[in-house]
Every structure is written in structure tokens, then in C-alpha cells.
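start_7.pdb (PDB, C-alpha atoms, pLDDT in the B column) appears below.
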```pdb
MODEL        1
ATOM      1  CA  MET F   4      13.466  -6.350  -1.009  1.00 95.00           C
ATOM      2  CA  GLU F   5      17.170  -5.665  -0.766  1.00 96.00           C
ATOM      3  CA  ILE F   6      18.593  -4.064   2.364  1.00 96.00           C
ATOM      4  CA  ASN F   7      21.956  -2.328   2.680  1.00 97.00           C
ATOM      5  CA  ALA F   8      22.857  -1.454   6.261  1.00 97.00           C
ATOM      6  CA  SER F   9      25.722   0.386   7.909  1.00 96.00           C
ATOM      7  CA  LYS F  10      26.191   1.120  11.607  1.00 96.00           C
ATOM      8  CA  ARG F  11      28.207   3.778  13.356  1.00 95.00           C
ATOM      9  CA  GLY F  12      27.878   3.835  17.132  1.00 94.00           C
ATOM     10  CA  PRO F  13      24.190   4.006  18.040  1.00 95.00           C
ATOM     11  CA  ARG F  14      23.262   5.030  14.496  1.00 97.00           C
ATOM     12  CA  LEU F  15      22.016   2.528  11.957  1.00 98.00           C
ATOM     13  CA  HIS F  16      21.504   3.556   8.351  1.00 98.00           C
ATOM     14  CA  VAL F  17      19.425   1.246   6.197  1.00 98.00           C
ATOM     15  CA  LYS F  18      18.767   1.607   2.498  1.00 98.00           C
ATOM     16  CA  LEU F  19      15.817  -0.325   1.085  1.00 98.00           C
ATOM     17  CA  VAL F  20      15.793  -1.241  -2.592  1.00 98.00           C
ATOM     18  CA  GLY F  21      12.696  -2.710  -4.218  1.00 98.00           C
ATOM     19  CA  GLU F  22       8.916  -2.511  -3.818  1.00 98.00           C
ATOM     20  CA  LEU F  23       7.504  -2.278  -0.302  1.00 98.00           C
ATOM     21  CA  ASP F  24       4.023  -3.795  -0.374  1.00 97.00           C
ATOM     22  CA  HIS F  25       2.229  -6.531   1.582  1.00 95.00           C
ATOM     23  CA  HIS F  26       4.094  -9.145  -0.454  1.00 96.00           C
ATOM     24  CA  SER F  27       7.511  -7.883   0.649  1.00 97.00           C
ATOM     25  CA  ALA F  28       6.478  -6.458   4.048  1.00 96.00           C
ATOM     26  CA  GLU F  29       7.119  -9.553   6.162  1.00 94.00           C
ATOM     27  CA  GLN F  30      10.589 -10.156   4.735  1.00 96.00           C
ATOM     28  CA  THR F  31      11.469  -6.470   5.128  1.00 97.00           C
ATOM     29  CA  ARG F  32      10.140  -6.396   8.690  1.00 97.00           C
ATOM     30  CA  ASN F  33      12.123  -9.508   9.625  1.00 97.00           C
ATOM     31  CA  MET F  34      15.350  -8.138   8.152  1.00 97.00           C
ATOM     32  CA  LEU F  35      14.943  -4.792   9.922  1.00 98.00           C
ATOM     33  CA  ASP F  36      14.048  -6.448  13.227  1.00 97.00           C
ATOM     34  CA  THR F  37      17.109  -8.682  13.010  1.00 97.00           C
ATOM     35  CA  LEU F  38      19.220  -5.512  12.736  1.00 97.00           C
ATOM     36  CA  LEU F  39      17.280  -3.913  15.617  1.00 97.00           C
ATOM     37  CA  LYS F  40      18.064  -6.872  17.898  1.00 96.00           C
ATOM     38  CA  ASP F  41      21.277  -4.945  18.499  1.00 95.00           C
ATOM     39  CA  ILE F  42      20.028  -2.920  21.462  1.00 93.00           C
ATOM     40  CA  THR F  43      22.823  -0.382  21.078  1.00 95.00           C
ATOM     41  CA  VAL F  44      20.934   0.973  18.053  1.00 96.00           C
ATOM     42  CA  ARG F  45      19.157   4.157  19.095  1.00 96.00           C
ATOM     43  CA  ASP F  46      18.788   6.071  15.851  1.00 97.00           C
ATOM     44  CA  LEU F  47      17.578   4.370  12.706  1.00 98.00           C
ATOM     45  CA  THR F  48      17.529   6.107   9.343  1.00 98.00           C
ATOM     46  CA  ILE F  49      15.577   4.362   6.599  1.00 98.00           C
ATOM     47  CA  ASP F  50      16.619   5.516   3.127  1.00 98.00           C
ATOM     48  CA  LEU F  51      13.705   5.013   0.738  1.00 98.00           C
ATOM     49  CA  SER F  52      15.384   6.423  -2.372  1.00 98.00           C
ATOM     50  CA  GLY F  53      15.601   2.902  -3.810  1.00 98.00           C
ATOM     51  CA  VAL F  54      11.943   2.081  -3.120  1.00 98.00           C
ATOM     52  CA  SER F  55      10.052   2.263  -6.402  1.00 97.00           C
ATOM     53  CA  PHE F  56       6.647   1.521  -4.864  1.00 98.00           C
ATOM     54  CA  MET F  57       5.143   1.669  -1.384  1.00 97.00           C
ATOM     55  CA  ASP F  58       1.573   1.384  -0.144  1.00 96.00           C
ATOM     56  CA  SER F  59      -0.012   1.295   3.314  1.00 95.00           C
ATOM     57  CA  ALA F  60       1.563  -2.104   4.019  1.00 95.00           C
ATOM     58  CA  GLY F  61       4.917  -0.319   3.857  1.00 96.00           C
ATOM     59  CA  LEU F  62       3.546   2.360   6.124  1.00 95.00           C
ATOM     60  CA  GLY F  63       2.776  -0.385   8.654  1.00 94.00           C
ATOM     61  CA  VAL F  64       6.396  -1.571   8.475  1.00 96.00           C
ATOM     62  CA  ILE F  65       7.697   1.963   9.070  1.00 96.00           C
ATOM     63  CA  LEU F  66       5.315   2.611  11.986  1.00 94.00           C
ATOM     64  CA  GLY F  67       6.157  -0.747  13.561  1.00 95.00           C
ATOM     65  CA  ARG F  68       9.879   0.076  13.567  1.00 96.00           C
ATOM     66  CA  TYR F  69       9.078   3.498  15.025  1.00 96.00           C
ATOM     67  CA  ARG F  70       7.345   1.745  17.945  1.00 95.00           C
ATOM     68  CA  ILE F  71      10.335  -0.505  18.594  1.00 96.00           C
ATOM     69  CA  LEU F  72      12.740   2.440  18.609  1.00 96.00           C
ATOM     70  CA  SER F  73      10.548   4.725  20.702  1.00 95.00           C
ATOM     71  CA  MET F  74      10.229   1.992  23.357  1.00 95.00           C
ATOM     72  CA  ARG F  75      14.011   2.107  23.799  1.00 93.00           C
ATOM     73  CA  GLY F  76      14.107   5.908  23.677  1.00 95.00           C
ATOM     74  CA  GLY F  77      15.376   6.034  20.113  1.00 96.00           C
ATOM     75  CA  HIS F  78      14.447   7.894  16.962  1.00 96.00           C
ATOM     76  CA  LEU F  79      13.418   6.987  13.447  1.00 97.00           C
ATOM     77  CA  THR F  80      14.300   9.129  10.446  1.00 98.00           C
ATOM     78  CA  VAL F  81      13.106   8.577   6.872  1.00 98.00           C
ATOM     79  CA  THR F  82      14.813   9.972   3.812  1.00 98.00           C
ATOM     80  CA  GLY F  83      14.714   9.695   0.017  1.00 98.00           C
ATOM     81  CA  MET F  84      10.931   9.584  -0.332  1.00 97.00           C
ATOM     82  CA  SER F  85       9.445   9.737  -3.832  1.00 96.00           C
ATOM     83  CA  GLY F  86       6.455  12.025  -4.353  1.00 94.00           C
ATOM     84  CA  ALA F  87       4.070   9.067  -4.014  1.00 93.00           C
ATOM     85  CA  ILE F  88       5.600   7.843  -0.758  1.00 96.00           C
ATOM     86  CA  ASP F  89       5.662  11.384   0.607  1.00 96.00           C
ATOM     87  CA  LYS F  90       1.942  11.646  -0.175  1.00 95.00           C
ATOM     88  CA  ILE F  91       1.163   8.547   1.903  1.00 95.00           C
ATOM     89  CA  PHE F  92       3.337   9.779   4.772  1.00 96.00           C
ATOM     90  CA  ARG F  93       1.692  13.202   4.744  1.00 95.00           C
ATOM     91  CA  MET F  94      -1.889  11.913   4.628  1.00 92.00           C
ATOM     92  CA  SER F  95      -1.234   9.495   7.476  1.00 92.00           C
ATOM     93  CA  GLY F  96       0.485  12.071   9.690  1.00 92.00           C
ATOM     94  CA  VAL F  97       3.701  10.058   9.934  1.00 94.00           C
ATOM     95  CA  TYR F  98       5.855  13.182   9.980  1.00 95.00           C
ATOM     96  CA  ALA F  99       4.430  14.105  13.360  1.00 94.00           C
ATOM     97  CA  ILE F 100       6.355  11.226  14.945  1.00 94.00           C
ATOM     98  CA  VAL F 101       9.048  10.305  12.435  1.00 95.00           C
ATOM     99  CA  ASP F 102      11.796  12.725  11.402  1.00 94.00           C
ATOM    100  CA  ARG F 103      12.482  13.349   7.728  1.00 95.00           C
ATOM    101  CA  VAL F 104      15.605  14.515   5.987  1.00 91.00           C
TER
ATOM    102  CA  MET T   1     -17.770   2.100 -22.493  1.00 75.00           C
ATOM    103  CA  ASP T   2     -14.841   2.477 -24.871  1.00 92.00           C
ATOM    104  CA  ASN T   3     -12.596  -0.322 -23.692  1.00 96.00           C
ATOM    105  CA  TRP T   4     -12.316  -2.820 -20.861  1.00 97.00           C
ATOM    106  CA  MET T   5     -10.362  -5.760 -19.530  1.00 98.00           C
ATOM    107  CA  GLU T   6     -10.945  -8.324 -16.828  1.00 98.00           C
ATOM    108  CA  LEU T   7      -8.468 -10.556 -15.043  1.00 98.00           C
ATOM    109  CA  THR T   8      -9.049 -13.269 -12.487  1.00 98.00           C
ATOM    110  CA  PHE T   9      -6.126 -14.476 -10.411  1.00 97.00           C
ATOM    111  CA  PRO T  10      -5.541 -16.435  -7.200  1.00 97.00           C
ATOM    112  CA  SER T  11      -5.252 -14.688  -3.860  1.00 96.00           C
ATOM    113  CA  LEU T  12      -1.451 -14.720  -3.730  1.00 96.00           C
ATOM    114  CA  SER T  13       0.494 -11.740  -2.439  1.00 95.00           C
ATOM    115  CA  ILE T  14       2.823 -11.926  -5.447  1.00 96.00           C
ATOM    116  CA  ASN T  15      -0.198 -10.924  -7.550  1.00 97.00           C
ATOM    117  CA  GLU T  16      -0.399  -7.526  -5.815  1.00 97.00           C
ATOM    118  CA  GLY T  17       2.408  -6.318  -8.072  1.00 97.00           C
ATOM    119  CA  PHE T  18       0.874  -8.044 -11.079  1.00 98.00           C
ATOM    120  CA  ALA T  19      -2.514  -6.373 -10.467  1.00 98.00           C
ATOM    121  CA  ARG T  20      -1.049  -2.883 -10.232  1.00 98.00           C
ATOM    122  CA  SER T  21       1.146  -3.416 -13.296  1.00 98.00           C
ATOM    123  CA  ALA T  22      -1.800  -4.727 -15.325  1.00 98.00           C
ATOM    124  CA  THR T  23      -3.938  -1.769 -14.257  1.00 98.00           C
ATOM    125  CA  ALA T  24      -1.168   0.692 -15.116  1.00 98.00           C
ATOM    126  CA  ALA T  25      -0.710  -0.926 -18.546  1.00 98.00           C
ATOM    127  CA  PHE T  26      -4.432  -0.579 -19.284  1.00 98.00           C
ATOM    128  CA  ALA T  27      -4.592   2.959 -17.881  1.00 97.00           C
ATOM    129  CA  ALA T  28      -1.620   3.983 -20.032  1.00 96.00           C
ATOM    130  CA  LEU T  29      -3.970   3.809 -23.034  1.00 95.00           C
ATOM    131  CA  LEU T  30      -5.742   6.868 -21.585  1.00 95.00           C
ATOM    132  CA  ASP T  31      -2.578   8.986 -21.658  1.00 95.00           C
ATOM    133  CA  PRO T  32      -2.310   9.568 -17.903  1.00 96.00           C
ATOM    134  CA  THR T  33       0.330  11.616 -16.132  1.00 96.00           C
ATOM    135  CA  ILE T  34       3.064   9.822 -14.190  1.00 94.00           C
ATOM    136  CA  ASP T  35       1.479  10.961 -10.912  1.00 95.00           C
ATOM    137  CA  GLU T  36      -1.945   9.660 -11.923  1.00 96.00           C
ATOM    138  CA  LEU T  37      -0.479   6.273 -12.817  1.00 97.00           C
ATOM    139  CA  SER T  38       1.348   6.191  -9.501  1.00 96.00           C
ATOM    140  CA  ASP T  39      -1.867   6.993  -7.609  1.00 97.00           C
ATOM    141  CA  LEU T  40      -3.712   4.286  -9.485  1.00 97.00           C
ATOM    142  CA  ARG T  41      -1.070   1.659  -8.788  1.00 98.00           C
ATOM    143  CA  THR T  42      -1.228   2.469  -5.086  1.00 97.00           C
ATOM    144  CA  ALA T  43      -5.036   2.376  -4.917  1.00 98.00           C
ATOM    145  CA  VAL T  44      -5.248  -0.966  -6.749  1.00 98.00           C
ATOM    146  CA  SER T  45      -2.531  -2.428  -4.556  1.00 98.00           C
ATOM    147  CA  GLU T  46      -4.551  -1.492  -1.462  1.00 97.00           C
ATOM    148  CA  ALA T  47      -7.746  -3.077  -2.806  1.00 98.00           C
ATOM    149  CA  VAL T  48      -6.073  -6.339  -3.847  1.00 97.00           C
ATOM    150  CA  THR T  49      -4.140  -6.549  -0.567  1.00 96.00           C
ATOM    151  CA  ASN T  50      -7.372  -6.102   1.382  1.00 95.00           C
ATOM    152  CA  ALA T  51      -8.922  -8.988  -0.547  1.00 96.00           C
ATOM    153  CA  ILE T  52      -5.940 -11.241   0.171  1.00 95.00           C
ATOM    154  CA  ILE T  53      -5.615 -10.419   3.871  1.00 93.00           C
ATOM    155  CA  HIS T  54      -9.103  -9.542   5.024  1.00 89.00           C
ATOM    156  CA  ALA T  55     -11.548 -11.202   2.619  1.00 92.00           C
ATOM    157  CA  TYR T  56      -9.748 -14.511   2.308  1.00 94.00           C
ATOM    158  CA  GLY T  57      -7.506 -14.610   5.370  1.00 88.00           C
ATOM    159  CA  ASN T  58      -4.626 -15.799   3.187  1.00 73.00           C
ATOM    160  CA  ASP T  59      -6.630 -18.655   1.616  1.00 84.00           C
ATOM    161  CA  ARG T  60      -4.341 -18.990  -1.381  1.00 82.00           C
ATOM    162  CA  SER T  61      -6.846 -20.878  -3.529  1.00 86.00           C
ATOM    163  CA  ALA T  62      -9.478 -18.099  -3.494  1.00 95.00           C
ATOM    164  CA  MET T  63      -9.890 -15.893  -6.545  1.00 97.00           C
ATOM    165  CA  ILE T  64      -9.839 -12.140  -7.068  1.00 98.00           C
ATOM    166  CA  THR T  65     -11.294 -10.395 -10.117  1.00 98.00           C
ATOM    167  CA  LEU T  66      -9.835  -7.129 -11.383  1.00 98.00           C
ATOM    168  CA  ARG T  67     -11.810  -5.239 -13.997  1.00 98.00           C
ATOM    169  CA  CYS T  68     -10.794  -1.990 -15.697  1.00 98.00           C
ATOM    170  CA  GLU T  69     -13.216   0.016 -17.827  1.00 98.00           C
ATOM    171  CA  ALA T  70     -12.369   3.126 -19.821  1.00 97.00           C
ATOM    172  CA  GLU T  71     -14.922   5.684 -20.872  1.00 96.00           C
ATOM    173  CA  GLY T  72     -13.459   8.814 -22.388  1.00 94.00           C
ATOM    174  CA  LYS T  73     -10.745   9.885 -19.958  1.00 94.00           C
ATOM    175  CA  LYS T  74     -12.386   8.156 -17.006  1.00 97.00           C
ATOM    176  CA  LEU T  75     -11.098   4.848 -15.701  1.00 98.00           C
ATOM    177  CA  ARG T  76     -13.209   2.630 -13.471  1.00 98.00           C
ATOM    178  CA  VAL T  77     -11.390  -0.113 -11.575  1.00 98.00           C
ATOM    179  CA  THR T  78     -13.342  -2.866  -9.856  1.00 98.00           C
ATOM    180  CA  VAL T  79     -11.715  -5.315  -7.451  1.00 98.00           C
ATOM    181  CA  LYS T  80     -14.026  -8.132  -6.457  1.00 98.00           C
ATOM    182  CA  ASP T  81     -13.677 -11.006  -4.032  1.00 97.00           C
ATOM    183  CA  THR T  82     -16.076 -13.634  -2.753  1.00 96.00           C
ATOM    184  CA  GLY T  83     -14.645 -13.712   0.750  1.00 95.00           C
ATOM    185  CA  CYS T  84     -15.965 -13.004   4.226  1.00 94.00           C
ATOM    186  CA  GLY T  85     -17.352  -9.548   3.481  1.00 94.00           C
ATOM    187  CA  ILE T  86     -17.374  -6.458   5.693  1.00 93.00           C
ATOM    188  CA  ALA T  87     -19.910  -6.112   8.502  1.00 90.00           C
ATOM    189  CA  ASP T  88     -19.393  -2.388   9.121  1.00 89.00           C
ATOM    190  CA  ILE T  89     -18.187  -0.554   6.017  1.00 91.00           C
ATOM    191  CA  GLU T  90     -18.169   2.843   7.714  1.00 89.00           C
ATOM    192  CA  LEU T  91     -15.849   1.525  10.423  1.00 89.00           C
ATOM    193  CA  ALA T  92     -13.601  -0.179   7.865  1.00 89.00           C
ATOM    194  CA  ARG T  93     -13.235   3.096   5.939  1.00 88.00           C
ATOM    195  CA  ARG T  94     -12.130   4.975   9.039  1.00 86.00           C
ATOM    196  CA  PRO T  95      -8.433   5.959   8.871  1.00 86.00           C
ATOM    197  CA  PHE T  96      -6.177   3.865  11.153  1.00 82.00           C
ATOM    198  CA  TYR T  97      -8.907   1.291  11.830  1.00 83.00           C
ATOM    199  CA  THR T  98      -7.721  -2.266  11.268  1.00 84.00           C
ATOM    200  CA  SER T  99      -9.397  -5.539  12.093  1.00 80.00           C
ATOM    201  CA  LYS T 100      -5.967  -7.184  12.178  1.00 78.00           C
ATOM    202  CA  PRO T 101      -3.683  -5.086  14.399  1.00 72.00           C
ATOM    203  CA  GLU T 102      -1.594  -8.189  15.104  1.00 70.00           C
ATOM    204  CA  LEU T 103      -0.418  -8.060  11.483  1.00 73.00           C
ATOM    205  CA  GLU T 104       1.011  -4.561  11.961  1.00 76.00           C
ATOM    206  CA  ARG T 105      -1.402  -3.148   9.425  1.00 77.00           C
ATOM    207  CA  SER T 106      -1.612   0.636   9.293  1.00 81.00           C
ATOM    208  CA  GLY T 107      -5.380   0.741   8.831  1.00 84.00           C
ATOM    209  CA  MET T 108      -4.960   3.215   5.976  1.00 89.00           C
ATOM    210  CA  GLY T 109      -6.018   1.009   3.048  1.00 92.00           C
ATOM    211  CA  PHE T 110      -9.432   2.506   2.280  1.00 95.00           C
ATOM    212  CA  ALA T 111      -8.220   6.020   3.197  1.00 94.00           C
ATOM    213  CA  VAL T 112      -5.431   5.679   0.614  1.00 95.00           C
ATOM    214  CA  MET T 113      -7.861   4.359  -2.026  1.00 96.00           C
ATOM    215  CA  GLU T 114     -10.121   7.328  -1.337  1.00 96.00           C
ATOM    216  CA  ALA T 115      -7.293   9.880  -1.426  1.00 95.00           C
ATOM    217  CA  PHE T 116      -5.678   8.501  -4.570  1.00 96.00           C
ATOM    218  CA  THR T 117      -8.823   8.243  -6.736  1.00 97.00           C
ATOM    219  CA  ASP T 118     -11.792  10.504  -7.512  1.00 97.00           C
ATOM    220  CA  SER T 119     -14.401   8.201  -6.007  1.00 97.00           C
ATOM    221  CA  LEU T 120     -14.532   5.027  -3.970  1.00 97.00           C
ATOM    222  CA  GLU T 121     -17.531   2.781  -3.575  1.00 97.00           C
ATOM    223  CA  ILE T 122     -17.609  -0.342  -1.406  1.00 97.00           C
ATOM    224  CA  GLU T 123     -20.299  -2.984  -1.773  1.00 97.00           C
ATOM    225  CA  SER T 124     -20.121  -5.700   0.841  1.00 96.00           C
ATOM    226  CA  ALA T 125     -22.078  -7.851   3.256  1.00 95.00           C
ATOM    227  CA  PRO T 126     -20.921 -10.541   5.681  1.00 95.00           C
ATOM    228  CA  GLY T 127     -20.422 -13.824   3.822  1.00 93.00           C
ATOM    229  CA  GLU T 128     -21.127 -12.265   0.450  1.00 94.00           C
ATOM    230  CA  GLY T 129     -17.752 -10.907  -0.569  1.00 96.00           C
ATOM    231  CA  THR T 130     -16.657  -7.367  -1.287  1.00 97.00           C
ATOM    232  CA  THR T 131     -16.622  -5.280  -4.431  1.00 98.00           C
ATOM    233  CA  VAL T 132     -14.513  -2.118  -4.460  1.00 98.00           C
ATOM    234  CA  ILE T 133     -15.174   0.336  -7.282  1.00 98.00           C
ATOM    235  CA  MET T 134     -12.770   3.216  -7.849  1.00 98.00           C
ATOM    236  CA  GLU T 135     -12.981   5.887 -10.521  1.00 98.00           C
ATOM    237  CA  LYS T 136     -10.316   8.283 -11.664  1.00 98.00           C
ATOM    238  CA  GLU T 137     -10.179  10.758 -14.509  1.00 97.00           C
ATOM    239  CA  LEU T 138      -6.839  10.547 -16.269  1.00 96.00           C
ATOM    240  CA  GLY T 139      -4.781  12.924 -18.367  1.00 90.00           C
ATOM    241  CA  ARG T 140      -5.963  16.019 -16.516  1.00 78.00           C
ATOM    242  CA  ALA T 141      -2.577  17.710 -16.403  1.00 61.00           C
ATOM    243  CA  SER T 142      -1.317  16.488 -19.769  1.00 51.00           C
ATOM    244  CA  GLY T 143      -3.218  19.089 -21.775  1.00 45.00           C
ATOM    245  CA  ASN T 144      -4.977  16.454 -23.910  1.00 42.00           C
TER
ENDMDL
END
```

Rewrite the structure of this file - the entire thing - as C-alpha cells.
Amino acid sequence: MEINASKRGPRLHVKLVGELDHHSAEQTRNMLDTLLKDITVRDLTIDLSGVSFMDSAGLGVILGRYRILSMRGGHLTVTGMSGAIDKIFRMSGVYAIVDRV
Amino acid sequence: MDNWMELTFPSLSINEGFARSATAAFAALLDPTIDELSDLRTAVSEAVTNAIIHAYGNDRSAMITLRCEAEGKKLRVTVKDTGCGIADIELARRPFYTSKPELERSGMGFAVMEAFTDSLEIESAPGEGTTVIMEKELGRASGN
């Protein structure tokens, strides 16, 4: 998984490029959590337009980052979902807690 | 049965991508739509990941068998392990249930398999491994 991140004030924008499955989940989680060690980050946007595949392991990564941000009063936004990723998000009710653009 | 293939590979997470690519390559012979192929890749990925994490607990020497059978436009995918088995299948199928919350699992594996295929059957018993059988009719929207 490749991660491209940019930060402006409390806003962190992260673009993921690759396949987000169980195989890549741990590496992706560790890279995101390293970025989230910066406690000034309040709003995280994860751009999934470069993610060619995601299953429920990826969903776990997204929900885990949501928990971290919500504990510090922040927000998580997802963007760039393919039809397949959108289907997983919809069936799991993610959009009830995570914003989408 | 018109056509079939069977692969056996070690329980390595890198083989999750291999399993879904192999399934998609076989399924492509049935002239599926892009969405159907995508659904299939996701469902197979869930089944193989379950075997790696839950059946074998990351025992990298254990083996997983993936079998694809085509009959007309119907594809049957079987993912079989010889791992620890599932004590309560009904509980395991429940959305958001996970036996390994410490791994940040979403608990949506079986729910995704069910939603992305036409039928899902789970055969399992403690100590006797698990066999997941999924069926999906392909080429529905292609007009063939």
C-alpha cells in the first residue's frame, strides 16, 4: 500500500494507492497511526480513489481510524470510493458515522 | 459440471490476492460482468482471509484449498481448510461478530460473502476444519 499525505492545520488528507485487504491492512494501519500520532490532527480524509480492491479487512482499518479520531473529538471523511467499496460501506452502515464526499 | 479447477496453497496472507485473481480468471470464462467479477473477488478474499486468520491462527504452514466449478452460467466456489473449525456457525455469520476483536476485524466477513454471492453454505465443526461453498450466477446483465 502506498500512502500520500498532506496536512493543513488540523486537517490531514491521505490518499491510499493499492489493494486494501488483510495482507496490506497491518502496514496501512501502522502508517495511518504514525500520521495520527500528531494530536493536532482533528479531521482526517481518506481518499480511496487509488484503491483497486478492498474487503472487510479494509473496513476494519477504516473503522479503527474512526475510533481514534472520535476519541479526540475529530472526524473521518472518506472519498473516491469505487462501486464495490461503496457497496461494502453501505451494507455495513459506515456512512452513519463516517462522512463521505 | 462443465469445467473446474482446484488449487492448494499455504496459509499466507499474500495468497489472498492470488486466490481472488485465480478465481476471477476462471470466472472470466463464464462471461461475467465487471460488477459480478468484483463481487466474486471480494467474497473469495473474505473466505480465504477467514481461513488464514481464524482457522489457522496464522499458522503459515497450513494449507487452503480453493475449488471453482462451472455449470452453465453458475459458478460454485469452495474454500476449504483443515483448521480449528467453527463451534457456532450462526453466531459467526452474524454481522459485526468477530472472535478476534483485538485484531480490529470488522466482523463482516460472512455477511459480505452472503451479500456478494447468490448463496453461502458453511460446513464446519470444532477441530474438523471449515468448508465454505458460495454460488453465483454470472453474465446476468450481459445479455448472453

* **Length of the atom CA of T:Glu128 to atom CA of T:Thr98 vector [Å]** =>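 Pair atom CA of T:Glu128 / atom CA of T:Thr98 returns 19.9 Å.
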
* Residues returned when the PyMOL selection byres ((chain T) within 10 of (chain F)) runs on this file, as a ChimeraX atom specification -> /T:12-17,35-36,38-39,41-46,48-50,52-53,95-96,101,103-113,115-116

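The coordinates place atom CA of T:Gly139 at 25.1 Å from atom CA of T:Ile122.
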
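Note that atom CA of T:His54 and atom CA of T:Thr82 are 11.2 Å apart.
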
Which residues are near F:Leu47? Cut-off 12 Å, only C-alpha atoms, ignore same chain within fewer than 4 positions. Put them as a compact mmCIF listing (two decimals) with C-alpha atoms, keeping the file's coordinate frame.
```
# COMPACT_ATOMS: atom_id res chain seq x y z
CA ALA F 8 22.86 -1.45 6.26
CA SER F 9 25.72 0.39 7.91
CA LYS F 10 26.19 1.12 11.61
CA ARG F 11 28.21 3.78 13.36
CA GLY F 12 27.88 3.84 17.13
CA PRO F 13 24.19 4.01 18.04
CA ARG F 14 23.26 5.03 14.50
CA LEU F 15 22.02 2.53 11.96
CA HIS F 16 21.50 3.56 8.35
CA VAL F 17 19.42 1.25 6.20
CA LYS F 18 18.77 1.61 2.50
CA LEU F 35 14.94 -4.79 9.92
CA ASP F 36 14.05 -6.45 13.23
CA LEU F 38 19.22 -5.51 12.74
CA LEU F 39 17.28 -3.91 15.62
CA ASP F 41 21.28 -4.94 18.50
CA ILE F 42 20.03 -2.92 21.46
CA THR F 43 22.82 -0.38 21.08
CA ILE F 65 7.70 1.96 9.07
CA ARG F 68 9.88 0.08 13.57
CA TYR F 69 9.08 3.50 15.02
CA ARG F 70 7.34 1.74 17.94
CA ILE F 71 10.34 -0.50 18.59
CA LEU F 72 12.74 2.44 18.61
CA SER F 73 10.55 4.72 20.70
CA ARG F 75 14.01 2.11 23.80
CA GLY F 76 14.11 5.91 23.68
CA GLY F 77 15.38 6.03 20.11
CA HIS F 78 14.45 7.89 16.96
CA LEU F 79 13.42 6.99 13.45
CA THR F 80 14.30 9.13 10.45
CA VAL F 81 13.11 8.58 6.87
CA THR F 82 14.81 9.97 3.81
CA VAL F 101 9.05 10.30 12.44
CA ASP F 102 11.80 12.72 11.40
CA ARG F 103 12.48 13.35 7.73
```
